[in-house]
Structure formats: C-alpha cells, structure tokens
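Q: My structure file run_25.tsv, TSV, C-alpha atoms, is below:
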chain	number	residue	atom	x	y	z
A	46	MET	CA	-9.48	-43.81	29.86
A	47	THR	CA	-8.29	-45.25	33.14
A	48	GLY	CA	-6.52	-48.01	31.25
A	49	VAL	CA	-4.74	-45.51	29.05
A	50	ARG	CA	-3.69	-43.57	32.13
A	51	VAL	CA	-2.31	-46.70	33.78
A	52	ILE	CA	-0.29	-47.46	30.66
A	53	LEU	CA	1.06	-43.92	30.52
A	54	VAL	CA	2.01	-43.97	34.18
A	55	GLY	CA	3.64	-47.34	33.63
A	56	LEU	CA	5.63	-45.95	30.71
A	57	CYS	CA	6.83	-43.05	32.83
A	58	LEU	CA	8.10	-45.42	35.47
A	59	ALA	CA	9.40	-48.14	33.19
A	60	THR	CA	11.52	-45.88	31.00
A	61	PRO	CA	12.98	-43.37	33.40
A	62	THR	CA	16.13	-42.70	31.43
A	63	LEU	CA	16.35	-43.37	27.75
A	64	SER	CA	19.51	-41.44	27.20
A	65	ILE	CA	21.77	-39.00	28.90
A	66	VAL	CA	23.75	-37.06	26.36
A	67	SER	CA	25.49	-34.05	27.84
A	68	ILE	CA	27.78	-33.81	30.80
A	69	PRO	CA	26.70	-31.32	33.45
A	70	SER	CA	29.03	-28.42	33.83
A	71	PHE	CA	29.59	-26.95	37.26
A	72	ALA	CA	31.39	-23.74	38.14
A	73	GLY	CA	34.18	-23.71	40.70
A	74	ASP	CA	31.75	-22.89	43.48
A	75	GLY	CA	29.62	-25.90	42.58
A	76	THR	CA	26.82	-24.03	40.83
A	77	LEU	CA	25.41	-25.61	37.71
A	78	ARG	CA	26.36	-23.71	34.55
A	79	VAL	CA	24.98	-25.86	31.76
A	80	ALA	CA	21.78	-27.85	32.15
A	81	PRO	CA	22.40	-31.57	31.65
A	82	ASP	CA	20.26	-33.12	28.97
A	83	PHE	CA	17.84	-35.90	29.76
A	84	THR	CA	15.22	-37.80	27.84
A	85	ARG	CA	12.14	-39.20	29.48
A	86	THR	CA	8.57	-40.15	28.77
A	87	ASP	CA	6.15	-37.53	30.02
A	88	LEU	CA	2.78	-38.11	31.63
A	89	GLU	CA	1.10	-37.93	28.22
A	90	GLY	CA	3.30	-40.74	26.93
A	91	LYS	CA	5.38	-38.43	24.73
A	92	THR	CA	9.15	-38.44	24.61
A	93	LEU	CA	10.65	-35.38	26.20
A	94	SER	CA	14.24	-34.30	25.65
A	95	LEU	CA	15.43	-31.23	27.48
A	96	ARG	CA	17.83	-30.50	24.65
A	97	SER	CA	14.95	-30.28	22.20
A	98	TYR	CA	13.94	-27.03	23.91
A	99	ARG	CA	17.16	-25.28	22.88
A	100	GLY	CA	16.12	-21.94	21.44
A	101	LYS	CA	13.52	-21.49	24.17
A	102	LEU	CA	13.72	-20.14	27.67
A	103	VAL	CA	13.04	-23.13	29.93
A	104	LEU	CA	11.73	-23.05	33.47
A	105	LEU	CA	12.58	-26.49	34.84
A	106	ASN	CA	10.58	-27.11	37.98
A	107	PHE	CA	11.31	-29.97	40.38
A	108	TRP	CA	8.22	-30.62	42.47
A	109	ALA	CA	6.16	-33.28	44.22
A	110	ALA	CA	2.53	-33.82	45.07
A	111	TRP	CA	3.40	-33.85	48.80
A	112	CYS	CA	5.02	-30.42	48.59
A	113	GLY	CA	2.62	-27.64	49.52
A	114	PRO	CA	4.66	-24.72	48.18
A	115	CYS	CA	5.09	-26.60	44.89
A	116	LEU	CA	1.35	-26.84	44.44
A	117	THR	CA	0.98	-23.15	45.21
A	118	GLU	CA	3.27	-22.29	42.29
A	119	MET	CA	1.65	-24.50	39.71
A	120	PRO	CA	-1.39	-22.45	38.73
A	121	ARG	CA	0.94	-19.52	38.10
A	122	PHE	CA	3.24	-21.67	36.00
A	123	ALA	CA	0.30	-22.83	33.92
A	124	ALA	CA	-0.75	-19.20	33.43
A	125	TRP	CA	2.79	-18.22	32.40
A	126	GLN	CA	2.91	-21.07	29.92
A	127	ASN	CA	-0.18	-19.65	28.24
A	128	THR	CA	0.95	-16.06	28.40
A	129	TYR	CA	4.56	-16.45	27.29
A	130	ARG	CA	4.47	-19.55	25.10
A	131	ALA	CA	4.53	-17.54	21.89
A	132	ALA	CA	7.41	-15.47	23.21
A	133	GLY	CA	9.47	-18.61	23.72
A	134	LEU	CA	8.87	-19.82	27.28
A	135	GLN	CA	8.68	-23.55	27.94
A	136	ILE	CA	7.96	-24.88	31.40
A	137	VAL	CA	8.96	-28.46	32.20
A	138	GLY	CA	7.97	-30.22	35.41
A	139	VAL	CA	9.98	-32.99	37.03
A	140	SER	CA	8.17	-34.84	39.77
A	141	MET	CA	10.24	-36.30	42.59
A	142	ASP	CA	7.34	-38.35	43.90
A	143	ASP	CA	8.06	-42.01	44.51
A	144	ASP	CA	4.79	-42.97	42.84
A	145	ALA	CA	3.24	-41.58	39.65
A	146	ALA	CA	-0.40	-41.86	40.73
A	147	PRO	CA	-0.51	-38.68	42.86
A	148	VAL	CA	1.44	-36.88	40.14
A	149	MET	CA	-1.23	-37.68	37.60
A	150	ARG	CA	-3.90	-36.45	40.01
A	151	VAL	CA	-2.11	-33.12	40.40
A	152	TYR	CA	-1.55	-32.91	36.66
A	153	GLU	CA	-5.25	-33.24	36.04
A	154	LYS	CA	-6.46	-31.21	38.99
A	155	TYR	CA	-4.34	-28.20	38.06
A	156	HIS	CA	-4.89	-28.62	34.31
A	157	LEU	CA	-1.17	-28.41	33.71
A	158	ASN	CA	-0.44	-27.28	30.17
A	159	TYR	CA	3.24	-28.13	30.18
A	160	PRO	CA	5.00	-31.51	30.17
A	161	VAL	CA	5.77	-33.34	33.39
A	162	VAL	CA	8.17	-36.28	33.72
A	163	MET	CA	9.04	-38.48	36.64
A	164	GLY	CA	12.44	-37.72	38.15
A	165	ASP	CA	14.69	-39.88	40.25
A	166	ALA	CA	17.79	-39.64	42.39
A	167	GLN	CA	20.11	-39.98	39.40
A	168	LEU	CA	18.52	-37.06	37.61
A	169	GLY	CA	18.54	-35.04	40.80
A	170	GLU	CA	22.26	-35.62	41.23
A	171	ARG	CA	22.92	-34.50	37.67
A	172	PHE	CA	21.38	-31.18	38.60
A	173	GLY	CA	23.61	-30.84	41.63
A	174	GLY	CA	21.22	-32.59	43.99
A	175	VAL	CA	17.52	-32.09	44.50
A	176	LEU	CA	17.65	-32.12	48.28
A	177	GLY	CA	14.55	-30.11	48.99
A	178	LEU	CA	11.56	-28.82	47.15
A	179	PRO	CA	10.46	-26.77	45.42
A	180	LEU	CA	13.49	-26.24	43.23
A	181	SER	CA	13.50	-24.54	39.85
A	182	TYR	CA	16.09	-23.71	37.22
A	183	LEU	CA	15.82	-21.08	34.56
A	184	ILE	CA	17.69	-22.22	31.46
A	185	ASP	CA	18.43	-19.84	28.61
A	186	PRO	CA	17.96	-20.71	24.91
A	187	ASP	CA	21.57	-21.92	24.71
A	188	GLY	CA	21.12	-24.36	27.58
A	189	ARG	CA	22.92	-22.25	30.16
A	190	VAL	CA	21.55	-22.12	33.69
A	191	VAL	CA	20.73	-18.50	34.43
A	192	GLY	CA	18.84	-18.98	37.67
A	193	ARG	CA	18.42	-21.46	40.50
A	194	TYR	CA	15.53	-21.03	42.90
A	195	GLN	CA	15.36	-23.17	46.02
A	196	GLY	CA	12.29	-23.00	48.21
A	197	GLU	CA	9.26	-20.85	47.81
A	198	LEU	CA	9.57	-18.57	44.84
A	199	ASP	CA	9.05	-14.86	44.68
A	200	LEU	CA	6.75	-15.34	41.73
A	201	LYS	CA	6.56	-11.66	40.89
A	202	GLN	CA	10.32	-11.37	40.72
A	203	LEU	CA	10.69	-14.52	38.68
A	204	GLU	CA	8.07	-13.38	36.20
A	205	SER	CA	9.95	-10.10	35.77
A	206	GLN	CA	13.14	-12.04	35.09
A	207	ILE	CA	11.38	-14.28	32.61
A	208	LYS	CA	9.94	-11.30	30.76
A	209	SER	CA	13.33	-9.64	30.71
A	210	LEU	CA	15.04	-12.75	29.29
A	211	LEU	CA	12.33	-13.25	26.70
A	212	ARG	CA	12.89	-9.73	25.42
A	213	ARG	CA	16.56	-10.39	24.75
A	214	PRO	CA	17.44	-10.76	21.06
B	102	MET	CA	-20.05	-26.17	65.30
B	103	LYS	CA	-18.21	-28.18	62.72
B	104	HIS	CA	-19.88	-31.35	64.02
B	105	THR	CA	-23.33	-29.80	63.62
B	106	ALA	CA	-22.55	-28.86	60.06
B	107	MET	CA	-21.58	-32.43	59.26
B	108	ILE	CA	-24.87	-33.77	60.61
B	109	ALA	CA	-26.76	-31.36	58.40
B	110	PHE	CA	-25.08	-32.80	55.29
B	111	HIS	CA	-27.23	-34.91	53.06
B	112	PRO	CA	-25.98	-38.51	53.38
B	113	PHE	CA	-25.44	-38.86	49.62
B	114	ALA	CA	-23.46	-35.64	49.53
B	115	LEU	CA	-21.29	-36.91	52.35
B	116	ALA	CA	-20.77	-40.24	50.58
B	117	PHE	CA	-19.76	-38.39	47.39
B	118	ILE	CA	-17.23	-36.30	49.28
B	119	LEU	CA	-15.74	-39.34	50.94
B	120	LEU	CA	-15.49	-41.26	47.68
B	121	SER	CA	-13.96	-38.34	45.85
B	122	GLN	CA	-11.22	-38.20	48.46
B	123	SER	CA	-9.95	-41.71	47.72
B	124	GLY	CA	-6.19	-42.06	47.41
B	125	PRO	CA	-3.54	-40.12	49.29
B	126	ALA	CA	-4.42	-36.54	50.02
B	127	LEU	CA	-2.42	-33.89	48.19
B	128	ALA	CA	-0.21	-31.85	50.47
B	129	GLU	CA	-2.38	-32.12	53.59
B	130	HIS	CA	-0.49	-32.69	56.80
B	131	LYS	CA	-0.12	-31.87	60.46
B	132	PRO	CA	2.25	-28.90	60.75
B	133	ALA	CA	5.75	-29.39	62.07
B	134	ALA	CA	5.10	-26.42	64.35
B	135	SER	CA	3.07	-28.77	66.53
B	136	ILE	CA	6.28	-30.44	67.70
B	137	PRO	CA	7.39	-29.02	71.07
B	138	THR	CA	10.49	-26.86	70.81
B	139	VAL	CA	12.13	-28.82	73.62
B	140	ASP	CA	12.22	-31.88	71.35
B	141	LEU	CA	13.94	-30.13	68.47
B	142	LEU	CA	17.58	-30.80	67.70
B	143	GLN	CA	19.65	-28.27	65.79
B	144	PRO	CA	21.73	-29.56	62.86
B	145	ALA	CA	24.96	-28.17	64.32
B	146	ASP	CA	24.37	-30.09	67.55
B	147	LEU	CA	23.66	-33.39	65.83
B	148	ALA	CA	26.65	-32.93	63.53
B	149	ALA	CA	28.87	-32.28	66.54
B	150	SER	CA	27.69	-35.42	68.28
B	151	LEU	CA	28.23	-37.48	65.13
B	152	ASN	CA	31.78	-36.19	64.94
B	153	SER	CA	32.45	-36.96	68.58
B	154	ALA	CA	33.82	-40.40	69.36
B	155	SER	CA	32.54	-40.27	72.91
B	156	ALA	CA	29.01	-38.98	72.30
B	157	PRO	CA	26.28	-41.62	72.44
B	158	LYS	CA	24.89	-42.40	69.01
B	159	PRO	CA	21.12	-42.26	68.67
B	160	LEU	CA	19.13	-44.27	66.18
B	161	ILE	CA	18.63	-41.87	63.28
B	162	LEU	CA	15.62	-42.45	61.08
B	163	HIS	CA	14.76	-40.71	57.83
B	164	VAL	CA	11.00	-40.35	57.54
B	165	GLY	CA	10.91	-38.51	54.22
B	166	PHE	CA	11.04	-39.48	50.59
B	167	ARG	CA	13.23	-42.15	49.04
B	168	LYS	CA	14.46	-40.10	46.06
B	169	LEU	CA	15.79	-37.41	48.35
B	170	TYR	CA	17.32	-39.85	50.83
B	171	THR	CA	19.13	-41.68	48.02
B	172	GLN	CA	20.84	-38.50	46.88
B	173	ALA	CA	22.11	-37.53	50.32
B	174	HIS	CA	21.51	-38.55	53.90
B	175	ILE	CA	23.13	-38.60	57.29
B	176	PRO	CA	25.62	-41.49	57.62
B	177	GLU	CA	24.19	-44.44	59.55
B	178	SER	CA	20.69	-43.03	59.25
B	179	GLU	CA	18.12	-45.54	58.10
B	180	TYR	CA	15.45	-44.94	55.53
B	181	VAL	CA	12.09	-45.85	56.99
B	182	GLY	CA	9.50	-44.37	54.65
B	183	ALA	CA	7.52	-41.21	54.20
B	184	ALA	CA	5.39	-40.69	57.29
B	185	ASN	CA	2.76	-38.72	55.41
B	186	ASP	CA	0.73	-41.84	54.75
B	187	ASP	CA	-0.33	-44.97	56.58
B	188	ALA	CA	2.13	-47.21	54.77
B	189	GLY	CA	5.08	-45.08	55.86
B	190	LEU	CA	3.83	-44.85	59.42
B	191	GLN	CA	3.42	-48.60	59.54
B	192	LEU	CA	7.03	-49.05	58.41
B	193	LEU	CA	8.10	-46.71	61.18
B	194	ARG	CA	6.12	-48.63	63.78
B	195	SER	CA	7.60	-51.90	62.55
B	196	ARG	CA	11.15	-50.53	62.71
B	197	VAL	CA	10.85	-49.52	66.34
B	198	ALA	CA	8.63	-52.37	67.49
B	199	LYS	CA	11.39	-54.26	69.31
B	200	LEU	CA	13.15	-51.25	70.81
B	201	THR	CA	12.91	-50.25	74.42
B	202	LYS	CA	10.85	-47.13	74.97
B	203	ASP	CA	13.83	-45.16	76.24
B	204	THR	CA	15.85	-45.68	73.05
B	205	ALA	CA	17.29	-42.40	71.84
B	206	ILE	CA	15.80	-41.75	68.42
B	207	VAL	CA	16.36	-38.85	66.06
B	208	ILE	CA	13.97	-38.42	63.16
B	209	TYR	CA	14.48	-36.13	60.20
B	210	CYS	CA	13.13	-35.31	56.79
B	211	GLY	CA	14.15	-31.98	55.15
B	212	CYS	CA	12.06	-32.45	52.03
B	213	CYS	CA	10.85	-28.88	52.09
B	214	PRO	CA	10.59	-25.87	54.39
B	215	TRP	CA	9.88	-26.82	58.01
B	216	ARG	CA	6.36	-25.48	58.11
B	217	ASP	CA	5.48	-27.39	54.95
B	218	CYS	CA	6.98	-30.78	55.82
B	219	PRO	CA	4.25	-33.41	55.54
B	220	ASN	CA	6.18	-36.12	57.36
B	221	ILE	CA	7.90	-34.98	60.47
B	222	ALA	CA	4.98	-34.24	62.80
B	223	ALA	CA	3.22	-37.44	61.82
B	224	ALA	CA	6.34	-39.47	62.59
B	225	TYR	CA	6.87	-37.66	65.90
B	226	ASP	CA	3.28	-38.28	66.95
B	227	ALA	CA	3.48	-41.95	65.99
B	228	LEU	CA	6.58	-42.52	68.11
B	229	HIS	CA	5.05	-40.71	71.05
B	230	ALA	CA	1.86	-42.71	70.72
B	231	LEU	CA	3.99	-45.85	70.98
B	232	GLY	CA	5.44	-44.57	74.24
B	233	PHE	CA	8.93	-43.55	73.16
B	234	THR	CA	10.33	-41.01	75.57
B	235	GLN	CA	13.65	-40.02	73.99
B	236	VAL	CA	12.60	-38.78	70.58
B	237	LYS	CA	14.32	-35.78	69.08
B	238	VAL	CA	13.47	-34.12	65.80
B	239	LEU	CA	16.15	-32.61	63.61
B	240	TYR	CA	15.06	-29.06	62.90
B	241	ILE	CA	15.61	-28.43	59.21
B	242	ALA	CA	14.42	-24.93	58.51
B	243	ASP	CA	14.58	-24.90	54.72
B	244	ASN	CA	15.69	-28.23	53.30
B	245	PHE	CA	18.30	-30.93	53.83
B	246	GLY	CA	20.57	-29.50	51.15
B	247	ASP	CA	20.80	-26.00	52.57
B	248	ASN	CA	20.68	-26.85	56.26
B	249	TRP	CA	22.90	-29.91	56.30
B	250	VAL	CA	24.79	-30.82	53.11
B	251	ASN	CA	25.86	-27.30	52.19
B	252	LEU	CA	27.09	-26.66	55.71
B	253	GLY	CA	29.61	-29.45	55.36
B	254	TYR	CA	28.05	-31.82	57.86
B	255	PRO	CA	28.60	-35.57	57.42
B	256	VAL	CA	26.72	-36.98	54.46
B	257	THR	CA	26.55	-40.10	52.38
B	258	LYS	CA	24.38	-41.29	49.53
B	259	GLY	CA	22.77	-44.40	48.17
B	260	SER	CA	19.65	-46.30	49.05
Would you encode the structure as structure tokens?
A:
Amino acid sequence: MTGVRVILVGLCLATPTLSIVSIPSFAGDGTLRVAPDFTRTDLEGKTLSLRSYRGKLVLLNFWAAWCGPCLTEMPRFAAWQNTYRAAGLQIVGVSMDDDAAPVMRVYEKYHLNYPVVMGDAQLGERFGGVLGLPLSYLIDPDGRVVGRYQGELDLKQLESQIKSLLRRP
Amino acid sequence: MKHTAMIAFHPFALAFILLSQSGPALAEHKPAASIPTVDLLQPADLAASLNSASAPKPLILHVGFRKLYTQAHIPESEYVGAANDDAGLQLLRSRVAKLTKDTAIVIYCGCCPWRDCPNIAAAYDALHALGFTQVKVLYIADNFGDNWVNLGYPVTKGS
C-alpha cells in the first residue's frame, strides 16, 4: 500500500503538466474570465483535465497542508461534494505544497472525496497568480469564472451561491 | 497541570502518540501575533525605502513557500525556505551565519492571513535566538498578492 502511494506521489510530481490547451482570458481589470485548462495526474494516479468537467459547476480550490484556513474548509467541501454531486457540482483541489507527502496525509485524514492535483508556480500564474491561500474559483458549466474567493471563505454564502448556480437551467 | 497529565500517561500510549506524529505537523505553528509590534514593518514603508535611492537597503529574506515566491516576490529578496520546519530554519541559520549581528534584516512570507502564517514567527524567533538585533518583519495582513502586488509595489518573479 505504501509502495503504491509512493508511486502515485511520484507520478503527481513527475508529470506536473501533460498539456495546456486553452489560453486564459482576463478582463480589462485583470480578473480571470475563462478558466485555463490544465491536465495533471491526481493523487489517485488518474488523469485529471479541468476541461473534462465542462457541463458541471466546478469549485477549484488552491490549498496547502501548511494553511490552517484551508484545512478548516476541507470537511465542508467534502460534505458539499456528497450533497451536490448529483446536481452537478465537482470540487477539484490543487495543492501548492512543495512536497506531496503532507498532501497525501491531508487527503487521507480528511477523507477527501474529490480529486486533488499538485500545483506549481506555472499553474498559479495561469490563474492570475496564487499569491496567498486559501484561494478558490467557482467555474460555471461553460468554463467561465463566476467567482474568486481569496482568504477565508464565508462558507454559508458560498454554499448559497453554489445552490443558486446549480438550480440554473 | 499539563506536566502532571503527561506523567499519568501509560508509557505505551505515549509512545503510540509520538510515533503517530511522525512527519511534519499539519498546520501547527507559533502565531505571528507573538512578534512584538515594534518589530513590524508596514508594506508601504518598505516599498518607499526600496524606491528611495538614499535609503539603506536591508537584507530581505523570504521565509515562505517556493511556489509562491516563484510567482512573485520583492526584488532583491532571497528565497531561504519555509521556516515552518527544521529544514527551512536550518537554511535560514546557514544564510545568516556569517553576518554581523547588527545586520538589518527584513523577513516576510505572505502565504496566508497574518494570524495563520506558519513561518514568520518561527523565522523571527530563530534570528533572535542567534542574536540578531535589527530584524524587522513585513506585516502582511492577508496575503502577498493583496497587500503587496496588487498595491503596485515593486515585484519580480522567478526562482
């Protein structure tokens, strides 16, 4: 089991970017309008492409094991993934840790039920810069960024927004 | 009281707890609030001194995380390593080992909100323990993006 985990962690680190397809689109004020696509290997060893979640509402969460507020959010994210999966919500975690080992520990400790990939500076820059955590983006089924949340989230408010977006035809 | 409770622990239980804690702790750190206010440096003040040709230039050390530093950091600042673990602290100690104790040093991180930063207090304490007397800490209330980059202060990127 440990061997498998080492291989998976190695895969995550060895293949950080398999392809980058779309070009990020920024508004005049610098805000991200369209989420840039990326393809990575997640902690389970599966290939994850952000574009493959088109048609779903995506909560893209940049986090790290050293980030206290990030860890506070995670149990709620896992609960949302269960509650709203059928309605079309997909949560994706991007760890900005330098090392995958603590990420895997968090992944297991919090029983995360959504995919997590390892991020890097290049990916951060494509999202306009991940210069502090936590940072989350809400991406609509067409790939448009409909929300950017820097710092500790108002989880109640975000859940209301998620429910509202999921109800849209 | 806490000490008494530890003694009452069964030795095997204590050993189990210690073994189960192997590896870096998750999000445990000394709070940044422990740093004396007098040693805090506001971003606007540091930016002004960087833009001034006559102001003395301190040694600026980044004690946070590599992936954040690579995306944006203060020009001329050096990446040392995350001070939330022993390896990072050792890198910090090595970097300053040959400096005189009155060297002006500014440390910063900005990885997350001030009260949650796992690095900055540890780095401050380490420098003080080494006897450095001119250590200032850049006060980043929310994160480096909001409190430095987005305010138009000098920035560069790369590792």
Q: Between A:Phe172, A:Phe122, A:Phe83, A:Tyr98, which is the closest to chain B once you count all atoms listed in the file?
A: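 Among the listed residues, A:Phe172 lies closest to chain B.
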Q: Write out as a PyMOL selection string every residue belonging to chain B that has an atom at most 10 Å from any atom of chain A, counting only C-alpha atoms.
A: chain B and resi 124-130+166-174+183+185+210-214+216-220+243-247+249-250+258-260
Q: Provide the CA of Gly100 (chain A) to CA of Tyr155 (chain A) distance in Å, to one decimal place.
A: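 So the two atoms, CA of Gly100 (chain A) and CA of Tyr155 (chain A), lie 27.1 Å apart.
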Q: Could you check the closest approach to Ala133 (chain B) for each of B:His229, B:Ile161, B:Ala149, B:Ile241 and tell me which residue wins, using only C-alpha atoms?
A: B:Ile241
Q: What does the distance between CA of Val137 (chain A) and CA of Leu102 (chain A) come to in Å, to one decimal place?
A: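 For CA of Val137 (chain A) relative to CA of Leu102 (chain A), the distance reads 10.6 Å.
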Q: Between CA of Ser181 (chain A) and CA of Gly90 (chain A), measure the distance and give it in Å to one decimal.
A: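 About the pair CA of Ser181 (chain A) and CA of Gly90 (chain A): they are 23.1 Å apart.
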